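J.: Provided herewith: protein.pdb, PDB, C-alpha atoms.
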```pdb
ATOM      1  CA  MET A   1     122.436  84.332 106.986
ATOM      2  CA  LYS A   2     125.674  84.472 108.896
ATOM      3  CA  GLY A   3     127.364  86.997 106.655
ATOM      4  CA  MET A   4     124.589  89.500 107.172
ATOM      5  CA  ARG A   5     124.764  89.798 110.895
ATOM      6  CA  HIS A   6     126.981  92.790 110.938
ATOM      7  CA  ASP A   7     129.357  94.629 108.734
ATOM      8  CA  PRO A   8     132.914  93.452 109.406
ATOM      9  CA  ALA A   9     134.088  96.923 108.421
ATOM     10  CA  ALA A  10     131.989  98.532 111.158
ATOM     11  CA  PRO A  11     134.213 100.293 113.656
ATOM     12  CA  VAL A  12     134.510  98.919 117.150
ATOM     13  CA  ARG A  13     133.855 101.957 119.287
ATOM     14  CA  LEU A  14     134.667 102.748 122.848
ATOM     15  CA  ASP A  15     131.721 103.475 125.067
ATOM     16  CA  ASP A  16     132.164 107.031 126.316
ATOM     17  CA  ALA A  17     130.825 106.242 129.770
ATOM     18  CA  ASP A  18     133.212 103.554 130.872
ATOM     19  CA  HIS A  19     135.470 102.837 127.882
ATOM     20  CA  ARG A  20     134.165  99.343 127.546
ATOM     21  CA  PRO A  21     134.628  97.973 124.029
ATOM     22  CA  PHE A  22     131.375  98.226 122.109
ATOM     23  CA  HIS A  23     130.543  95.497 119.626
ATOM     24  CA  PRO A  24     127.922  96.380 117.009
ATOM     25  CA  ARG A  25     127.392  92.629 116.534
ATOM     26  CA  ARG A  26     126.002  92.169 120.029
ATOM     27  CA  ARG A  27     123.536  95.013 119.713
ATOM     28  CA  LEU A  28     121.825  93.381 116.766
ATOM     29  CA  HIS A  29     121.743  89.897 118.153
ATOM     30  CA  PRO A  30     118.167  89.681 119.587
ATOM     31  CA  LEU A  31     116.744  91.250 116.425
ATOM     32  CA  THR A  32     118.677  88.852 114.182
ATOM     33  CA  LEU A  33     117.446  85.979 116.292
ATOM     34  CA  LEU A  34     113.872  87.246 115.955
ATOM     35  CA  LEU A  35     114.316  87.528 112.189
ATOM     36  CA  GLU A  36     115.606  83.975 111.954
ATOM     37  CA  VAL A  37     112.786  82.603 114.118
ATOM     38  CA  ALA A  38     110.170  84.515 112.107
ATOM     39  CA  LEU A  39     111.756  83.273 108.888
ATOM     40  CA  ALA A  40     111.612  79.681 110.090
ATOM     41  CA  LEU A  41     107.958  80.196 111.066
ATOM     42  CA  THR A  42     106.808  81.541 107.672
ATOM     43  CA  PRO A  43     105.375  78.148 106.574
ATOM     44  CA  VAL A  44     102.775  78.594 109.348
ATOM     45  CA  GLY A  45     101.360  81.250 107.039
ATOM     46  CA  LEU A  46     100.569  78.528 104.520
ATOM     47  CA  LEU A  47      98.013  77.024 106.931
ATOM     48  CA  ALA A  48      95.713  79.994 106.356
ATOM     49  CA  GLY A  49      94.601  78.944 102.913
ATOM     50  CA  GLY A  50      92.453  81.800 101.625
ATOM     51  CA  ALA A  51      93.551  84.877  99.724
ATOM     52  CA  ALA A  52      93.460  88.326 101.291
ATOM     53  CA  TRP A  53      90.111  90.095 100.840
ATOM     54  CA  GLY A  54      89.914  91.338  97.257
ATOM     55  CA  GLU A  55      93.039  89.512  96.070
ATOM     56  CA  TRP A  56      90.982  86.751  94.518
ATOM     57  CA  GLU A  57      91.626  84.381  91.663
ATOM     58  CA  VAL A  58      89.912  85.433  88.443
ATOM     59  CA  ALA A  59      87.248  82.709  88.820
ATOM     60  CA  GLU A  60      86.303  84.082  92.218
ATOM     61  CA  PHE A  61      84.999  87.292  90.623
ATOM     62  CA  GLN A  62      82.687  85.205  88.467
ATOM     63  CA  ARG A  63      81.277  83.612  91.592
ATOM     64  CA  MET A  64      81.035  86.824  93.630
ATOM     65  CA  VAL A  65      79.739  89.431  91.182
ATOM     66  CA  GLY A  66      78.634  87.256  88.247
ATOM     67  CA  PHE A  67      81.281  88.415  85.782
ATOM     68  CA  VAL A  68      85.029  88.936  85.484
ATOM     69  CA  PRO A  69      85.833  92.595  84.786
ATOM     70  CA  ALA A  70      87.594  93.021  81.438
ATOM     71  CA  GLY A  71      90.609  94.748  82.957
ATOM     72  CA  ILE A  72      91.165  91.910  85.412
ATOM     73  CA  ARG A  73      90.575  89.219  82.760
ATOM     74  CA  THR A  74      93.067  90.706  80.305
ATOM     75  CA  ALA A  75      95.629  92.110  82.760
ATOM     76  CA  ALA A  76      99.252  91.607  81.747
ATOM     77  CA  HIS A  77     101.238  89.882  84.451
ATOM     78  CA  LEU A  78     105.009  89.948  84.407
ATOM     79  CA  PRO A  79     106.268  86.397  84.768
ATOM     80  CA  ALA A  80     107.359  86.220  88.396
ATOM     81  CA  PRO A  81     110.161  83.648  88.810
ATOM     82  CA  LEU A  82     108.867  82.511  92.215
ATOM     83  CA  ALA A  83     105.160  83.253  91.775
ATOM     84  CA  ASP A  84     103.140  83.085  95.004
ATOM     85  CA  TYR A  85     106.293  82.213  96.957
ATOM     86  CA  THR A  86     106.676  78.822  95.292
ATOM     87  CA  ALA A  87     109.864  77.440  93.781
ATOM     88  CA  PRO A  88     110.017  74.968  90.890
ATOM     89  CA  GLY A  89     110.787  71.395  91.869
ATOM     90  CA  VAL A  90     110.202  71.714  95.617
ATOM     91  CA  GLY A  91     107.142  71.500  97.837
ATOM     92  CA  PRO A  92     105.205  74.489  99.184
ATOM     93  CA  VAL A  93     106.995  74.582 102.549
ATOM     94  CA  ALA A  94     110.481  74.489 101.015
ATOM     95  CA  GLY A  95     109.391  77.005  98.380
ATOM     96  CA  TYR A  96     108.046  79.342 101.062
ATOM     97  CA  LEU A  97     111.243  79.091 103.137
ATOM     98  CA  LEU A  98     113.381  79.579 100.045
ATOM     99  CA  SER A  99     111.324  82.627  99.040
ATOM    100  CA  ALA A 100     111.574  84.142 102.515
ATOM    101  CA  THR A 101     115.343  83.606 102.615
ATOM    102  CA  LEU A 102     115.825  85.079  99.155
ATOM    103  CA  GLY A 103     113.621  88.081  99.969
ATOM    104  CA  VAL A 104     115.509  88.810 103.179
ATOM    105  CA  ALA A 105     118.882  88.357 101.426
ATOM    106  CA  LEU A 106     117.815  90.836  98.721
ATOM    107  CA  VAL A 107     116.685  93.373 101.327
ATOM    108  CA  PHE A 108     120.042  93.127 103.114
ATOM    109  CA  GLY A 109     121.979  93.280  99.845
ATOM    110  CA  VAL A 110     120.181  96.311  98.425
ATOM    111  CA  LEU A 111     120.305  98.272 101.697
ATOM    112  CA  ARG A 112     124.029  97.569 101.966
ATOM    113  CA  LEU A 113     124.497  98.879  98.423
ATOM    114  CA  VAL A 114     122.491 102.010  99.246
ATOM    115  CA  ARG A 115     124.730 102.598 102.255
ATOM    116  CA  ARG A 116     127.992 102.103 100.319
ATOM    117  CA  ARG A 117     127.081 104.530  97.598
ATOM    118  CA  GLY A 118     126.150 107.191 100.135
TER     119      GLY A 118
ATOM    120  CA  MET B 119      96.535  94.888 100.949
ATOM    121  CA  HIS B 120      98.743  93.971  97.975
ATOM    122  CA  ILE B 121      96.566  95.043  95.042
ATOM    123  CA  PRO B 122      97.342  92.814  92.011
ATOM    124  CA  ASP B 123      97.771  93.972  88.398
ATOM    125  CA  GLY B 124      94.487  94.448  86.551
ATOM    126  CA  TYR B 125      92.556  95.722  89.563
ATOM    127  CA  LEU B 126      93.236  99.440  89.120
ATOM    128  CA  SER B 127      92.452 101.633  86.124
ATOM    129  CA  PRO B 128      95.143 103.710  84.376
ATOM    130  CA  GLN B 129      93.209 106.752  85.650
ATOM    131  CA  THR B 130      94.304 105.565  89.091
ATOM    132  CA  TYR B 131      97.791 104.163  88.656
ATOM    133  CA  LEU B 132      99.195 106.826  86.318
ATOM    134  CA  PRO B 133      98.521 109.711  88.752
ATOM    135  CA  ALA B 134      99.651 107.419  91.569
ATOM    136  CA  TYR B 135     102.990 106.885  89.788
ATOM    137  CA  ALA B 136     103.288 110.646  89.248
ATOM    138  CA  LEU B 137     102.770 111.134  92.975
ATOM    139  CA  VAL B 138     104.867 108.288  94.316
ATOM    140  CA  LEU B 139     108.008 108.654  92.176
ATOM    141  CA  PRO B 140     109.046 112.097  93.498
ATOM    142  CA  LEU B 141     108.113 110.954  97.007
ATOM    143  CA  LEU B 142     110.327 107.875  96.600
ATOM    144  CA  VAL B 143     113.223 110.016  95.337
ATOM    145  CA  ARG B 144     112.979 112.109  98.459
ATOM    146  CA  ALA B 145     112.492 109.031 100.672
ATOM    147  CA  GLY B 146     115.513 107.391  99.025
ATOM    148  CA  ARG B 147     117.676 110.386  99.868
ATOM    149  CA  ARG B 148     116.499 110.265 103.473
ATOM    150  CA  LEU B 149     117.123 106.522 103.629
ATOM    151  CA  ARG B 150     120.647 106.937 102.292
ATOM    152  CA  ALA B 151     121.320 109.727 104.794
ATOM    153  CA  THR B 152     120.000 107.478 107.580
ATOM    154  CA  LEU B 153     122.037 104.420 106.592
ATOM    155  CA  ASP B 154     125.461 104.238 108.194
ATOM    156  CA  ASP B 155     127.493 101.509 109.853
ATOM    157  CA  GLU B 156     125.510 102.017 113.023
ATOM    158  CA  THR B 157     121.983 101.868 111.555
ATOM    159  CA  LEU B 158     122.483  99.410 108.681
ATOM    160  CA  PRO B 159     122.148  96.169 110.711
ATOM    161  CA  THR B 160     118.996  97.227 112.583
ATOM    162  CA  LEU B 161     117.345  98.844 109.570
ATOM    163  CA  SER B 162     118.129  95.796 107.424
ATOM    164  CA  ALA B 163     116.820  93.389 110.076
ATOM    165  CA  LEU B 164     113.557  95.357 110.494
ATOM    166  CA  THR B 165     113.055  95.583 106.725
ATOM    167  CA  GLY B 166     113.778  91.845 106.393
ATOM    168  CA  LEU B 167     111.304  91.232 109.225
ATOM    169  CA  ALA B 168     108.678  93.274 107.378
ATOM    170  CA  PHE B 169     109.142  91.017 104.358
ATOM    171  CA  VAL B 170     108.884  87.906 106.513
ATOM    172  CA  VAL B 171     105.860  88.908 108.663
ATOM    173  CA  GLN B 172     103.934  89.716 105.488
ATOM    174  CA  MET B 173     104.317  86.039 104.533
ATOM    175  CA  ILE B 174     102.792  84.864 107.823
ATOM    176  CA  ASN B 175      99.120  84.894 106.857
ATOM    177  CA  ILE B 176      96.551  85.172 109.613
ATOM    178  CA  PRO B 177      93.168  83.599 108.834
ATOM    179  CA  LEU B 178      89.977  85.590 109.241
ATOM    180  CA  PRO B 179      86.645  83.774 109.676
ATOM    181  CA  GLY B 180      85.021  83.779 106.272
ATOM    182  CA  GLY B 181      87.993  82.436 104.384
ATOM    183  CA  THR B 182      90.127  85.507 103.803
ATOM    184  CA  THR B 183      93.551  86.163 105.276
ATOM    185  CA  GLY B 184      95.722  89.101 106.209
ATOM    186  CA  HIS B 185      99.036  89.843 107.850
ATOM    187  CA  ALA B 186     101.053  92.427 109.737
ATOM    188  CA  VAL B 187     103.062  94.847 107.576
ATOM    189  CA  GLY B 188     106.022  96.016 109.661
ATOM    190  CA  THR B 189     106.125  99.630 108.478
ATOM    191  CA  ALA B 190     105.500 101.208 111.876
ATOM    192  CA  THR B 191     108.615  99.721 113.515
ATOM    193  CA  LEU B 192     110.783 101.283 110.800
ATOM    194  CA  ALA B 193     108.938 104.616 111.009
ATOM    195  CA  LEU B 194     109.294 104.871 114.801
ATOM    196  CA  LEU B 195     113.010 104.052 114.789
ATOM    197  CA  PHE B 196     114.238 105.654 111.566
ATOM    198  CA  GLY B 197     111.565 108.186 110.597
ATOM    199  CA  PRO B 198     108.685 107.964 108.128
ATOM    200  CA  TRP B 199     110.707 108.838 105.015
ATOM    201  CA  ALA B 200     113.357 106.150 105.440
ATOM    202  CA  ALA B 201     110.612 103.679 106.422
ATOM    203  CA  SER B 202     108.578 104.472 103.293
ATOM    204  CA  CYS B 203     111.562 103.854 101.024
ATOM    205  CA  ALA B 204     112.414 100.596 102.792
ATOM    206  CA  MET B 205     108.808  99.439 102.311
ATOM    207  CA  GLY B 206     108.962 100.481  98.653
ATOM    208  CA  LEU B 207     111.935  98.133  98.326
ATOM    209  CA  VAL B 208     110.017  95.284  99.982
ATOM    210  CA  LEU B 209     106.998  95.859  97.715
ATOM    211  CA  LEU B 210     109.193  95.990  94.604
ATOM    212  CA  ILE B 211     110.843  92.662  95.484
ATOM    213  CA  GLN B 212     107.423  91.123  96.198
ATOM    214  CA  ALA B 213     105.991  92.315  92.878
ATOM    215  CA  LEU B 214     108.943  91.453  90.644
ATOM    216  CA  LEU B 215     110.036  88.132  92.129
ATOM    217  CA  PHE B 216     106.969  86.670  93.773
ATOM    218  CA  GLY B 217     104.055  88.154  91.810
ATOM    219  CA  ASP B 218     102.653  89.593  95.069
ATOM    220  CA  GLY B 219     101.119  92.984  94.310
ATOM    221  CA  GLY B 220     101.842  94.238  90.804
ATOM    222  CA  ILE B 221     103.740  96.611  88.549
ATOM    223  CA  THR B 222     100.814  98.888  87.708
ATOM    224  CA  THR B 223      99.598  98.766  91.309
ATOM    225  CA  PHE B 224     103.055  99.302  92.849
ATOM    226  CA  PRO B 225     102.518 103.059  93.427
ATOM    227  CA  VAL B 226      99.185 102.607  95.219
ATOM    228  CA  ASN B 227     100.546  99.729  97.306
ATOM    229  CA  THR B 228     103.574 101.863  98.209
ATOM    230  CA  LEU B 229     101.414 104.866  99.074
ATOM    231  CA  ALA B 230      99.271 102.646 101.337
ATOM    232  CA  MET B 231     101.723 100.297 103.057
ATOM    233  CA  GLY B 232     104.698 102.662 102.740
ATOM    234  CA  PHE B 233     103.930 106.366 103.034
ATOM    235  CA  ALA B 234     100.442 106.326 104.615
ATOM    236  CA  ALA B 235     101.412 103.668 107.163
ATOM    237  CA  ALA B 236     104.771 105.248 107.999
ATOM    238  CA  PHE B 237     103.502 108.813 108.443
ATOM    239  CA  THR B 238     100.471 107.635 110.441
ATOM    240  CA  ALA B 239     102.731 105.688 112.792
ATOM    241  CA  ALA B 240     105.118 108.624 113.220
ATOM    242  CA  LEU B 241     102.328 111.154 113.823
ATOM    243  CA  LEU B 242     100.450 108.912 116.270
ATOM    244  CA  ASP B 243     103.648 108.229 118.193
ATOM    245  CA  ARG B 244     104.479 111.928 118.328
ATOM    246  CA  ALA B 245     100.985 112.704 119.606
ATOM    247  CA  THR B 246     100.861 109.997 122.263
ATOM    248  CA  HIS B 247     104.320 109.028 123.490
ATOM    249  CA  HIS B 248     104.489 111.769 126.149
ATOM    250  CA  ARG B 249     101.099 110.882 127.590
ATOM    251  CA  LEU B 250     100.984 107.111 127.408
ATOM    252  CA  PRO B 251     103.257 104.264 128.467
ATOM    253  CA  THR B 252     105.674 103.409 125.646
ATOM    254  CA  HIS B 253     104.180 100.035 124.832
ATOM    255  CA  VAL B 254     100.673 101.536 124.601
ATOM    256  CA  ALA B 255     101.843 104.385 122.357
ATOM    257  CA  THR B 256     103.762 102.028 120.046
ATOM    258  CA  PHE B 257     100.792  99.635 119.909
ATOM    259  CA  ILE B 258      98.491 102.500 118.865
ATOM    260  CA  ALA B 259     101.026 103.672 116.273
ATOM    261  CA  GLY B 260     101.199 100.181 114.759
ATOM    262  CA  TRP B 261      97.429  99.651 114.857
ATOM    263  CA  GLY B 262      96.716 103.054 113.330
ATOM    264  CA  SER B 263      99.307 102.563 110.594
ATOM    265  CA  ALA B 264      97.616  99.349 109.446
ATOM    266  CA  VAL B 265      94.117 100.846 109.600
ATOM    267  CA  VAL B 266      95.095 103.935 107.567
ATOM    268  CA  ALA B 267      96.983 101.801 105.013
ATOM    269  CA  ALA B 268      93.860  99.632 104.733
ATOM    270  CA  ALA B 269      91.736 102.751 104.217
ATOM    271  CA  VAL B 270      93.956 103.919 101.338
ATOM    272  CA  THR B 271      93.761 100.451  99.749
ATOM    273  CA  ALA B 272      89.985 100.264 100.242
ATOM    274  CA  CYS B 273      89.502 103.697  98.641
ATOM    275  CA  ALA B 274      91.739 102.882  95.668
ATOM    276  CA  LEU B 275      89.762  99.686  95.026
ATOM    277  CA  GLY B 276      86.346 101.137  95.852
ATOM    278  CA  ILE B 277      86.525 104.071  93.421
ATOM    279  CA  GLN B 278      87.214 101.771  90.435
ATOM    280  CA  PRO B 279      83.559 101.035  89.488
ATOM    281  CA  ALA B 280      82.863 104.785  89.288
ATOM    282  CA  LEU B 281      86.061 105.526  87.342
ATOM    283  CA  ALA B 282      85.955 102.953  84.578
ATOM    284  CA  HIS B 283      83.077 100.948  83.118
ATOM    285  CA  ASP B 284      81.973  99.825  79.686
ATOM    286  CA  ALA B 285      78.982 101.149  77.718
ATOM    287  CA  GLY B 286      76.684  98.824  79.633
ATOM    288  CA  GLY B 287      77.900 100.116  82.982
ATOM    289  CA  GLN B 288      79.901  96.998  83.812
ATOM    290  CA  PRO B 289      83.070  97.858  85.744
ATOM    291  CA  LEU B 290      86.313  97.286  83.814
ATOM    292  CA  PHE B 291      88.496  96.915  86.902
ATOM    293  CA  PHE B 292      87.795  96.145  90.561
ATOM    294  CA  PRO B 293      84.008  95.696  90.541
ATOM    295  CA  LEU B 294      82.951  96.512  94.114
ATOM    296  CA  GLY B 295      82.369 100.029  95.393
ATOM    297  CA  LEU B 296      83.404 101.895  98.535
ATOM    298  CA  ALA B 297      80.323 100.699 100.436
ATOM    299  CA  VAL B 298      81.756  97.179 100.227
ATOM    300  CA  THR B 299      85.531  97.732 100.249
ATOM    301  CA  VAL B 300      85.740 100.112 103.207
ATOM    302  CA  PRO B 301      83.901  97.933 105.756
ATOM    303  CA  ALA B 302      85.564  94.737 104.497
ATOM    304  CA  ILE B 303      89.163  95.953 104.393
ATOM    305  CA  VAL B 304      89.237  98.678 107.053
ATOM    306  CA  GLY B 305      87.033  96.633 109.380
ATOM    307  CA  ALA B 306      89.259  93.572 109.168
ATOM    308  CA  HIS B 307      92.336  95.676 109.870
ATOM    309  CA  ALA B 308      90.759  97.599 112.738
ATOM    310  CA  LEU B 309      89.632  94.394 114.438
ATOM    311  CA  LEU B 310      92.336  91.851 113.638
ATOM    312  CA  PHE B 311      95.294  92.622 111.390
ATOM    313  CA  GLY B 312      95.835  96.076 112.906
ATOM    314  CA  VAL B 313      95.894  94.496 116.363
ATOM    315  CA  ALA B 314      98.565  92.082 115.084
ATOM    316  CA  GLU B 315     100.472  95.066 113.682
ATOM    317  CA  GLY B 316     100.184  96.934 116.984
ATOM    318  CA  ALA B 317     101.381  93.946 119.002
ATOM    319  CA  TYR B 318     104.264  93.361 116.580
ATOM    320  CA  THR B 319     105.238  97.049 116.706
ATOM    321  CA  ALA B 320     105.122  97.260 120.504
ATOM    322  CA  ALA B 321     107.087  94.013 120.936
ATOM    323  CA  VAL B 322     109.808  94.833 118.398
ATOM    324  CA  ILE B 323     110.268  98.434 119.587
ATOM    325  CA  ALA B 324     110.552  97.175 123.181
ATOM    326  CA  LEU B 325     113.117  94.586 122.084
ATOM    327  CA  VAL B 326     115.221  97.133 120.212
ATOM    328  CA  ARG B 327     115.087  99.682 123.052
ATOM    329  CA  ARG B 328     115.928  97.085 125.702
ATOM    330  CA  THR B 329     118.855  95.834 123.650
ATOM    331  CA  ALA B 330     120.129  99.380 123.143
ATOM    332  CA  THR B 331     119.809 100.116 126.870
ATOM    333  CA  ALA B 332     121.619  96.899 127.780
ATOM    334  CA  GLU B 333     124.444  97.857 125.408
ATOM    335  CA  ALA B 334     124.707 101.360 126.823
ATOM    336  CA  THR B 335     124.957 100.157 130.417
ATOM    337  CA  GLY B 336     127.197  97.198 129.706
ATOM    338  CA  PRO B 337     126.596  93.473 129.948
ATOM    339  CA  THR B 338     124.292  92.285 132.695
ATOM    340  CA  PRO B 339     125.870  89.694 134.998
TER     341      PRO B 339
END
```
Please lay out the structure from this file as structure tokens.
T.:
Amino acid sequence: MKGMRHDPAAPVRLDDADHRPFHPRRRLHPLTLLLEVALALTPVGLLAGGAAWGEWEVAEFQRMVGFVPAGIRTAAHLPAPLADYTAPGVGPVAGYLLSATLGVALVFGVLRLVRRRG
Amino acid sequence: MHIPDGYLSPQTYLPAYALVLPLLVRAGRRLRATLDDETLPTLSALTGLAFVVQMINIPLPGGTTGHAVGTATLALLFGPWAASCAMGLVLLIQALLFGDGGITTFPVNTLAMGFAAAFTAALLDRATHHRLPTHVATFIAGWGSAVVAAAVTACALGIQPALAHDAGGQPLFFPLGLAVTVPAIVGAHALLFGVAEGAYTAAVIALVRRTATAEATGPTP
């Protein structure tokens, strides 16, 4: 995560009011800290076992309404490499943390690309 | 609120794609115009936070779960267009990499958790921030954004039985109607997940503003 904290190319500006050097890095710090804490806490989300309302497994429809609608039964699903935030070969907690880290890294990477092209 | 593939009929997701694609083009332009060296770190951190808080499931009695979304913080700081595009990015990553949401349902999920949530937050904040203390106004903006996003999701699911069924009247896609989806989804968000969204929004906006103020006035001794 270290490389994402701030853009090394960002200019160091002088504060107009008192000409104190202004570091973009410092301004982000509490938010970056919050992001890292929240990221570390994601496995807490695993404790709540159930699915969101409506986002049930196929079998759950059978139980709830007595049949599985054809469109849901035959829906094509793209193979997601880290389906349900799990990773092959590691436990659920590690998979969840890995997924969260990868997701955040992708967000930072894509937004940086959007900025550079602009 | 992430509707999976197979839940929505083509009669729903094709028009939704037709609506959301031009909106995303416009939102993308606004996001690019917003992103500079100054905004990139904060916007990235808030978008990353949105991804992360959506993984922190909150249990609801009865066995279902929900989570905060994080759209309102982006909308209040960077405007509803940039926020909607950032959420579209989060939803695309969730659908493609983690199988959360879906490809056919991406436009409806983006309209709900992106555009509807972002514009609700921005409008509520505009209407209330002169009259109410900041943390109250930002809480209401966050709460309202989650409730309206839930309403869009509940409507998209609830109209499916009427839109598509076989000769025997059996629904082909999501089988429960509006009378079930609206109370279940909107109710849960009004009472619990929206409150989490409001608290998250108020806390994060306060943190960002306090940090910005501290930077503007110099380091505190």
J.: Give me the residues within 7 Å of Leu39 of chain A as a ChimeraX atom specification, counting all atoms listed in the file and dropping any in the same chain fewer than 4 places off.
T.: /A:35,100 /B:170
J.: Identify all residues satisfying the PyMOL selection byres ((chain A) within 6 of (chain B)) in the given file; provide them as a VMD selection string.
T.: chain A and resid 6 10 35 39 42 45 48 50 to 53 69 to 72 75 80 to 85 104 108 115 118
J.: Could you work out how far atom CA of Pro179 of chain B lies from atom CA of Thr191 of chain B, giving the answer in Å with one decimal?
T.: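 Computing it gives 27.4 Å between the two atoms.
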J.: Which is closer to Gly295 of chain B than all the others in A:Val65, A:Arg112, A:Leu97, A:Gly103, using only C-alpha atoms?
T.: A:Val65
J.: Write out as a list in words each polymer residue whose atoms come within 6 Å of segment 246-263 of chain B, counting all atoms listed in the file; drop sequence neighbours fewer than 2 positions from it.
T.: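 The neighbour list is Ala190, Ala235, Thr238, Ala239, Leu242, Asp243, Arg244, Val265, Val266, Gly312, Val313, Glu315, Gly316, Ala317, Thr319 and Ala320 of chain B.
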J.: Could you tell me how far atom CA of Ala230 of chain B sits from atom CA of Ala40 of chain A, in Å to one decimal place?
T.: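 So the answer is 27.5 Å.
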